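Colleague: So that you have it, the file is input-v4.txt, and it contains compact mmCIF, C-alpha atoms:
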# COMPACT_ATOMS: atom_id res chain seq x y z
CA MET N 1 -33.60 -57.33 25.65
CA LEU N 2 -29.88 -56.69 26.09
CA LYS N 3 -28.10 -56.13 22.79
CA HIS N 4 -24.67 -57.34 21.77
CA THR N 5 -23.62 -53.84 20.67
CA GLU N 6 -24.73 -52.31 23.98
CA ILE N 7 -22.39 -54.53 26.02
CA TRP N 8 -19.41 -53.77 23.78
CA ARG N 9 -20.24 -50.07 23.78
CA ALA N 10 -20.32 -50.11 27.59
CA ILE N 11 -16.81 -51.61 27.60
CA GLU N 12 -15.65 -48.82 25.27
CA ARG N 13 -17.24 -46.21 27.54
CA LEU N 14 -15.57 -47.72 30.60
CA ALA N 15 -12.20 -47.59 28.85
CA ALA N 16 -12.74 -43.96 27.82
CA ALA N 17 -13.82 -42.98 31.34
CA LYS N 18 -10.55 -44.40 32.67
CA GLY N 19 -8.45 -42.75 29.97
CA LEU N 20 -7.62 -46.07 28.33
CA SER N 21 -7.99 -47.73 24.96
CA VAL N 22 -9.91 -51.01 24.94
CA SER N 23 -6.54 -52.76 24.70
CA GLY N 24 -5.29 -50.82 27.70
CA LEU N 25 -8.43 -51.75 29.63
CA ALA N 26 -7.89 -55.43 28.85
CA LYS N 27 -4.25 -55.23 29.98
CA ALA N 28 -5.28 -53.46 33.19
CA GLY N 29 -7.51 -56.44 33.95
CA GLY N 30 -4.73 -58.93 33.30
CA LEU N 31 -6.30 -60.05 30.01
CA ASP N 32 -4.87 -60.48 26.55
CA PRO N 33 -4.66 -56.96 25.03
CA THR N 34 -6.82 -58.06 22.09
CA THR N 35 -9.67 -59.38 24.27
CA PHE N 36 -11.97 -56.43 23.56
CA ASN N 37 -10.77 -55.56 20.06
CA ARG N 38 -13.38 -55.27 17.32
CA SER N 39 -11.96 -58.33 15.58
CA LYS N 40 -12.93 -60.42 18.62
CA ARG N 41 -16.60 -59.39 18.62
CA THR N 42 -17.64 -61.83 15.90
CA THR N 43 -16.47 -65.31 14.99
CA ILE N 44 -14.86 -66.21 11.68
CA ASP N 45 -18.24 -67.34 10.36
CA GLY N 46 -19.90 -64.08 11.39
CA LYS N 47 -21.62 -65.15 14.60
CA LEU N 48 -21.80 -62.62 17.43
CA ARG N 49 -19.25 -63.17 20.20
CA TRP N 50 -20.10 -61.80 23.66
CA PRO N 51 -17.48 -60.77 26.25
CA SER N 52 -17.22 -63.33 29.04
CA THR N 53 -18.50 -62.51 32.51
CA GLU N 54 -15.01 -63.35 33.81
CA SER N 55 -13.34 -60.77 31.57
CA ILE N 56 -15.85 -58.10 32.56
CA ALA N 57 -15.41 -58.93 36.26
CA LYS N 58 -11.63 -58.58 35.95
CA VAL N 59 -11.72 -55.12 34.35
CA LEU N 60 -14.36 -53.91 36.81
CA GLU N 61 -12.12 -54.95 39.69
CA ALA N 62 -9.02 -53.46 38.07
CA THR N 63 -10.71 -50.09 37.49
CA GLY N 64 -12.63 -49.94 40.76
CA THR N 65 -15.95 -49.92 38.90
CA THR N 66 -19.07 -51.43 40.46
CA LEU N 67 -21.43 -53.67 38.54
CA GLY N 68 -24.12 -51.00 38.96
CA GLU N 69 -21.87 -48.39 37.36
CA PHE N 70 -21.16 -50.72 34.46
CA VAL N 71 -24.86 -51.37 33.99
CA GLY N 72 -25.31 -47.59 33.86
CA LEU N 73 -22.82 -47.46 31.00
CA ILE N 74 -24.88 -50.03 29.11
CA GLY N 75 -27.91 -47.77 29.22
CA ALA N 76 -26.03 -44.53 28.64
CA GLN N 77 -27.15 -42.50 25.66
CA SER N 78 -24.63 -40.92 23.34
CA SER N 79 -24.45 -39.11 20.08
CA SER N 80 -21.72 -38.57 17.52
CA ALA N 81 -21.53 -34.95 18.67
CA LEU N 82 -20.53 -36.04 22.19
CA LEU N 83 -18.53 -39.21 21.62
CA GLN N 84 -15.81 -39.62 19.04
CA ARG N 85 -13.56 -42.52 18.16
CA VAL N 86 -9.94 -41.44 18.13
CA PRO N 87 -7.03 -43.61 16.94
CA VAL N 88 -4.51 -44.68 19.56
CA ILE N 89 -0.87 -44.31 18.53
CA GLY N 90 2.24 -45.27 20.47
CA CYS N 91 5.14 -42.86 20.86
CA ALA N 92 7.45 -45.21 18.94
CA GLN N 93 4.98 -45.37 16.06
CA ALA N 94 4.54 -41.60 16.06
CA GLY N 95 8.26 -41.14 15.49
CA ASN N 96 8.28 -43.31 12.38
CA ALA N 97 7.67 -42.07 8.87
CA GLY N 98 4.26 -42.65 7.31
CA PHE N 99 2.05 -42.36 10.38
CA PHE N 100 1.22 -38.66 9.94
CA ASP N 101 0.82 -36.26 7.07
CA ASP N 102 2.61 -32.91 6.97
CA ALA N 103 -0.20 -31.23 8.94
CA GLY N 104 0.16 -33.70 11.83
CA TYR N 105 -2.98 -35.68 11.00
CA PRO N 106 -2.76 -39.47 11.51
CA VAL N 107 -3.05 -41.43 8.30
CA GLY N 108 -3.95 -45.02 7.45
CA SER N 109 -6.38 -47.36 9.20
CA GLY N 110 -6.46 -50.36 11.50
CA TRP N 111 -5.58 -48.37 14.63
CA ASP N 112 -6.85 -49.39 18.01
CA GLU N 113 -9.49 -46.84 18.99
CA LEU N 114 -10.58 -45.01 22.09
CA VAL N 115 -14.11 -43.63 22.44
CA PHE N 116 -13.75 -40.19 23.99
CA PRO N 117 -16.35 -37.53 24.87
CA GLY N 118 -16.29 -33.88 23.93
CA VAL N 119 -13.75 -33.99 21.09
CA THR N 120 -14.62 -31.68 18.22
CA ASP N 121 -11.47 -32.17 16.12
CA ALA N 122 -12.12 -34.96 13.61
CA HIS N 123 -8.33 -35.50 13.35
CA ALA N 124 -7.71 -35.85 17.10
CA TYR N 125 -5.82 -38.91 18.28
CA ALA N 126 -4.61 -40.54 21.48
CA LEU N 127 -0.90 -40.91 22.15
CA GLU N 128 0.34 -43.57 24.58
CA ILE N 129 3.35 -42.29 26.52
CA SER N 130 6.36 -44.57 26.85
CA GLY N 131 9.49 -44.01 28.89
CA ASP N 132 10.25 -41.31 31.45
CA SER N 133 11.30 -38.34 29.31
CA MET N 134 8.00 -36.55 29.98
CA GLU N 135 7.84 -37.15 33.74
CA PRO N 136 6.57 -35.98 36.14
CA VAL N 137 3.75 -34.49 34.05
CA TYR N 138 3.21 -37.53 31.79
CA ARG N 139 4.35 -40.95 32.95
CA ASP N 140 4.95 -44.24 31.17
CA GLY N 141 1.57 -45.70 30.23
CA ASP N 142 -0.37 -42.42 30.40
CA THR N 143 -2.65 -41.51 27.52
CA ILE N 144 -2.94 -38.00 26.11
CA ILE N 145 -5.42 -36.67 23.56
CA VAL N 146 -3.82 -34.49 20.89
CA SER N 147 -5.76 -32.08 18.68
CA PRO N 148 -3.93 -31.09 15.46
CA GLY N 149 -6.78 -28.67 14.62
CA ALA N 150 -6.68 -26.73 17.91
CA ASN N 151 -5.07 -23.31 18.06
CA VAL N 152 -1.72 -23.42 19.86
CA ARG N 153 -1.03 -20.59 22.30
CA ARG N 154 1.80 -19.61 24.58
CA GLY N 155 1.74 -21.73 27.73
CA ASP N 156 -0.02 -24.70 26.09
CA ARG N 157 1.31 -28.20 26.50
CA VAL N 158 2.03 -29.51 23.03
CA VAL N 159 3.35 -32.49 21.11
CA LEU N 160 5.91 -31.70 18.45
CA LYS N 161 7.56 -33.76 15.72
CA THR N 162 10.88 -32.76 14.19
CA ARG N 163 12.17 -33.61 10.74
CA GLU N 164 14.60 -36.00 12.46
CA GLY N 165 11.59 -38.04 13.62
CA GLU N 166 11.82 -37.00 17.27
CA ILE N 167 8.51 -36.83 19.15
CA MET N 168 8.31 -34.79 22.33
CA ALA N 169 5.79 -33.25 24.71
CA LYS N 170 6.75 -29.79 25.93
CA GLN N 171 5.24 -26.50 27.03
CA LEU N 172 5.20 -23.78 24.40
CA VAL N 173 7.13 -20.72 25.59
CA ARG N 174 7.24 -18.65 22.42
CA GLU N 175 6.51 -19.08 18.72
CA ASN N 176 7.12 -16.79 15.79
CA SER N 177 7.65 -17.06 12.06
CA THR N 178 11.20 -18.39 12.43
CA ARG N 179 11.58 -20.10 15.83
CA ILE N 180 9.74 -22.25 18.36
CA GLU N 181 10.85 -22.16 22.00
CA LEU N 182 9.81 -24.97 24.33
CA LYS N 183 10.08 -25.65 28.06
CA SER N 184 10.79 -29.23 29.10
CA LEU N 185 8.19 -31.00 31.23
CA ASN N 186 10.92 -33.08 32.87
CA PRO N 187 13.41 -30.91 34.82
CA LEU N 188 16.13 -33.46 34.06
CA HIS N 189 15.76 -32.73 30.34
CA PRO N 190 16.82 -29.44 28.72
CA ASP N 191 14.49 -26.85 27.23
CA ARG N 192 14.54 -26.87 23.44
CA THR N 193 14.53 -24.25 20.70
CA PHE N 194 13.96 -25.11 17.05
CA ALA N 195 14.06 -23.23 13.81
CA ARG N 196 10.57 -23.50 12.37
CA LEU N 197 11.94 -25.36 9.35
CA GLU N 198 13.17 -28.10 11.70
CA VAL N 199 9.61 -28.83 12.87
CA ILE N 200 7.12 -30.85 10.80
CA TRP N 201 4.13 -30.15 13.05
CA ILE N 202 3.09 -29.01 16.50
CA ALA N 203 -0.27 -29.87 18.11
CA ARG N 204 -1.97 -29.02 21.39
CA ILE N 205 -2.61 -31.57 24.14
CA ILE N 206 -6.25 -31.23 25.15
CA TRP N 207 -6.53 -34.01 27.76
CA ALA N 208 -4.37 -36.43 29.76
CA SER N 209 -5.27 -39.53 31.73
CA GLN N 210 -3.56 -38.70 35.06
Please express what this file holds, its structure, as C-alpha cells.
Modeller:
Amino acid sequence: MLKHTEIWRAIERLAAAKGLSVSGLAKAGGLDPTTFNRSKRTTIDGKLRWPSTESIAKVLEATGTTLGEFVGLIGAQSSSALLQRVPVIGCAQAGNAGFFDDAGYPVGSGWDELVFPGVTDAHAYALEISGDSMEPVYRDGDTIIVSPGANVRRGDRVVLKTREGEIMAKQLVRENSTRIELKSLNPLHPDRTFARLEVIWIARIIWASQ
C-alpha cells in the first residue's frame, strides 16, 4: 500500500535531484511556492493531505521527469548517512544580521529545506543566488550548497560574509593570518582583498545546480 510519507519523500527527492528546494520545484511547475511545503501536508485538524495528481504532473513536465522515474523515487531507499536536510537561505537573507553565528553556521528554524545526498557537514546549507553579480559561474535562481565545516583551500570557490553584511561568492586566491585575496567569478566585477578582521566567515561551495 502506498504511504503518504513515501509520496512526499519522492517529491523531495525529485527536487534535490534537480538542485531545487521543494518551493523551487513548485515554482518551476507554475504552482504556488508553498504547494509542497511541510505545512501543506496535513490539514488544520491533523488529517493527511496528499499532493494532487495535477500538481505532480506539472512538476514532472517542468523537470522533464517521466512518471516511471518518479515512481522509482517513491521506492528509493535512503538513510540519514546518505540524505540530509539542509536549510535553504536566500542571498538577501544571508546578508542580514541574525541568520548566521560567528562561525558561519545558520541559526534559527522554520527554513525551507532541501533534501540532498552525500552531505556530511551537519551545518551545511543551500544558498539561492539572486542577481547577476556571480555570473557566468552562478546565475540568478541557481542553488549552491555551502559547507561551513569543510576545509578551505587555495583555488576553492567560496562564499564569504564581511562585517558590513556583504555576501559574495568568489574563488580563493590566497589566505594567510592577516589577509584574504579573492578572484571575482564575474569578469565585470573586481577581484577583492580583505583584511582578515573585515571578514566574519568564509565557507567552501561543495555543489552547484548548473
Colleague: Need the shell around range 49-66 of chain N: protein/DNA/RNA residues with any atom at most 9 Å away, counting only C-alpha atoms. Skip same-chain ones fewer than 2 positions apart. Format as number ranges by chain?
Modeller: N: 4, 7-8, 11, 14, 18, 25-31, 35-36, 40-43, 46-47, 68-71
Colleague: Which of these, N:Leu188, N:Ala122, N:Ile129, N:Ile200, has the shortest distance to Leu160 in chain N once you count only C-alpha atoms?
Modeller: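 Selected residue with least distance to Leu160 in chain N: N:Ile200.
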Colleague: If I take CA of Val137 in chain N and CA of Phe194 in chain N, how far is one from the other in Å, to one decimal?
Modeller: 21.9 Å
Colleague: Which one is closest to Ala203 in chain N: N:Asn186, N:Ser147, N:Thr34, N:Gln171? Count all atoms listed in the file.
Modeller: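 Smallest separation from Ala203 in chain N among the options: N:Ser147.
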Colleague: Considering only C-alpha atoms, can you say which of N:Ser184, N:Asn151, N:Asn37, N:Ser21 comes closest to Leu127 in chain N?
Modeller: N:Ser21
Colleague: Rank N:Glu166, N:Glu113, N:Asp32, N:Asp45 by their smallest atom-to-atom distance to Ile89 in chain N, using only C-alpha atoms, and report the top residue only.
Modeller: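 Nearest to Ile89 in chain N: N:Glu113.
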Colleague: From the options N:Ala15, N:Thr162, N:Glu6, N:Ile167, which residue's atoms come nearest to Met134 in chain N, counting all atoms listed in the file?
Modeller: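 Counting all atoms listed in the file, the residue closest to Met134 in chain N is N:Ile167.
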Colleague: Dump as a list in words all residues having an atom at most 8 Å from (4.7, -24.9, 30.0), computed in the file's coordinates with only C-alpha atoms.
Modeller: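 The residues that fall inside the cut-off are Gly155, Asp156, Arg157, Lys170, Gln171, Leu172, Val173, Leu182, Lys183, Ser184 and Leu185 of chain N.
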Colleague: Suppose you want the space between CA of Asp142 in chain N and CA of Arg196 in chain N; what is it in Å?
Modeller: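 Going from CA of Asp142 in chain N over to CA of Arg196 in chain N, I get 28.3 Å.
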Colleague: If we count all atoms listed in the file and set the cut-off at 6 Å, which residues sit around Ile205 in chain N, ignoring sequence neighbours fewer than 5 positions away in its own chain? Please answer as a list in words.
Modeller: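 Final neighbour list, sorted by chain and number: Ile145, Val146, Arg157 and Val158 of chain N.
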Colleague: Separation of CA of Asp121 in chain N and CA of Ile144 in chain N, in Å?
Modeller: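 Separating CA of Asp121 in chain N from CA of Ile144 in chain N is a distance of 14.4 Å.
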Colleague: Would you please work out which residue, of N:Ile202, N:Thr5, N:Val152, N:Leu20, is nearest to Ile74 in chain N when using all atoms listed in the file?
Modeller: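 Of N:Ile202, N:Thr5, N:Val152, N:Leu20, the one nearest Ile74 in chain N, counting all atoms listed in the file, is N:Thr5.
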Colleague: If we count only C-alpha atoms and set the cut-off at 7 Å, which residues sit around Arg174 in chain N, ignoring sequence neighbours fewer than 3 positions away in its own chain? Please answer as a PDB file with C-alpha atoms, in the frame of the given file.
Modeller:
ATOM      1  CA  ARG N 154       1.800 -19.610  24.580  1.00  0.00           C
ATOM      2  CA  ILE N 180       9.740 -22.250  18.360  1.00  0.00           C
ATOM      3  CA  GLU N 181      10.850 -22.160  22.000  1.00  0.00           C
TER       4      GLU N 181
END
Colleague: Save range 161-172 of chain N to disk from that block, N, CA and C atoms included, as an mmCIF file, in the first residue's frame.
Modeller:
data_model
loop_
_atom_site.group_PDB
_atom_site.id
_atom_site.type_symbol
_atom_site.label_atom_id
_atom_site.label_comp_id
_atom_site.auth_asym_id
_atom_site.auth_seq_id
_atom_site.Cartn_x
_atom_site.Cartn_y
_atom_site.Cartn_z
ATOM 1 N N LYS N 161 31.275 36.331 4.011
ATOM 2 C CA LYS N 161 30.457 37.414 4.550
ATOM 3 C C LYS N 161 31.354 38.403 5.284
ATOM 4 N N THR N 162 31.207 39.674 4.943
ATOM 5 C CA THR N 162 32.010 40.708 5.590
ATOM 6 C C THR N 162 31.248 41.300 6.773
ATOM 7 N N ARG N 163 31.957 42.047 7.586
ATOM 8 C CA ARG N 163 31.327 42.688 8.737
ATOM 9 C C ARG N 163 30.356 43.787 8.313
ATOM 10 N N GLU N 164 30.424 44.205 7.047
ATOM 11 C CA GLU N 164 29.470 45.175 6.516
ATOM 12 C C GLU N 164 28.187 44.503 6.060
ATOM 13 N N GLY N 165 28.133 43.153 6.138
ATOM 14 C CA GLY N 165 26.938 42.427 5.739
ATOM 15 C C GLY N 165 26.910 42.024 4.288
ATOM 16 N N GLU N 166 28.039 42.213 3.578
ATOM 17 C CA GLU N 166 28.098 41.858 2.166
ATOM 18 C C GLU N 166 28.338 40.362 2.012
ATOM 19 N N ILE N 167 27.538 39.717 1.157
ATOM 20 C CA ILE N 167 27.700 38.302 0.851
ATOM 21 C C ILE N 167 28.207 38.182 -0.579
ATOM 22 N N MET N 168 29.227 37.380 -0.786
ATOM 23 C CA MET N 168 29.757 37.221 -2.139
ATOM 24 C C MET N 168 30.305 35.822 -2.354
ATOM 25 N N ALA N 169 30.236 35.367 -3.604
ATOM 26 C CA ALA N 169 30.862 34.103 -3.999
ATOM 27 C C ALA N 169 32.069 34.441 -4.851
ATOM 28 N N LYS N 170 33.224 33.926 -4.473
ATOM 29 C CA LYS N 170 34.472 34.223 -5.167
ATOM 30 C C LYS N 170 35.333 32.956 -5.228
ATOM 31 N N GLN N 171 36.471 33.062 -5.857
ATOM 32 C CA GLN N 171 37.462 31.989 -5.829
ATOM 33 C C GLN N 171 38.621 32.433 -4.940
ATOM 34 N N LEU N 172 38.983 31.560 -4.012
ATOM 35 C CA LEU N 172 40.053 31.910 -3.080
ATOM 36 C C LEU N 172 41.403 31.855 -3.786
#
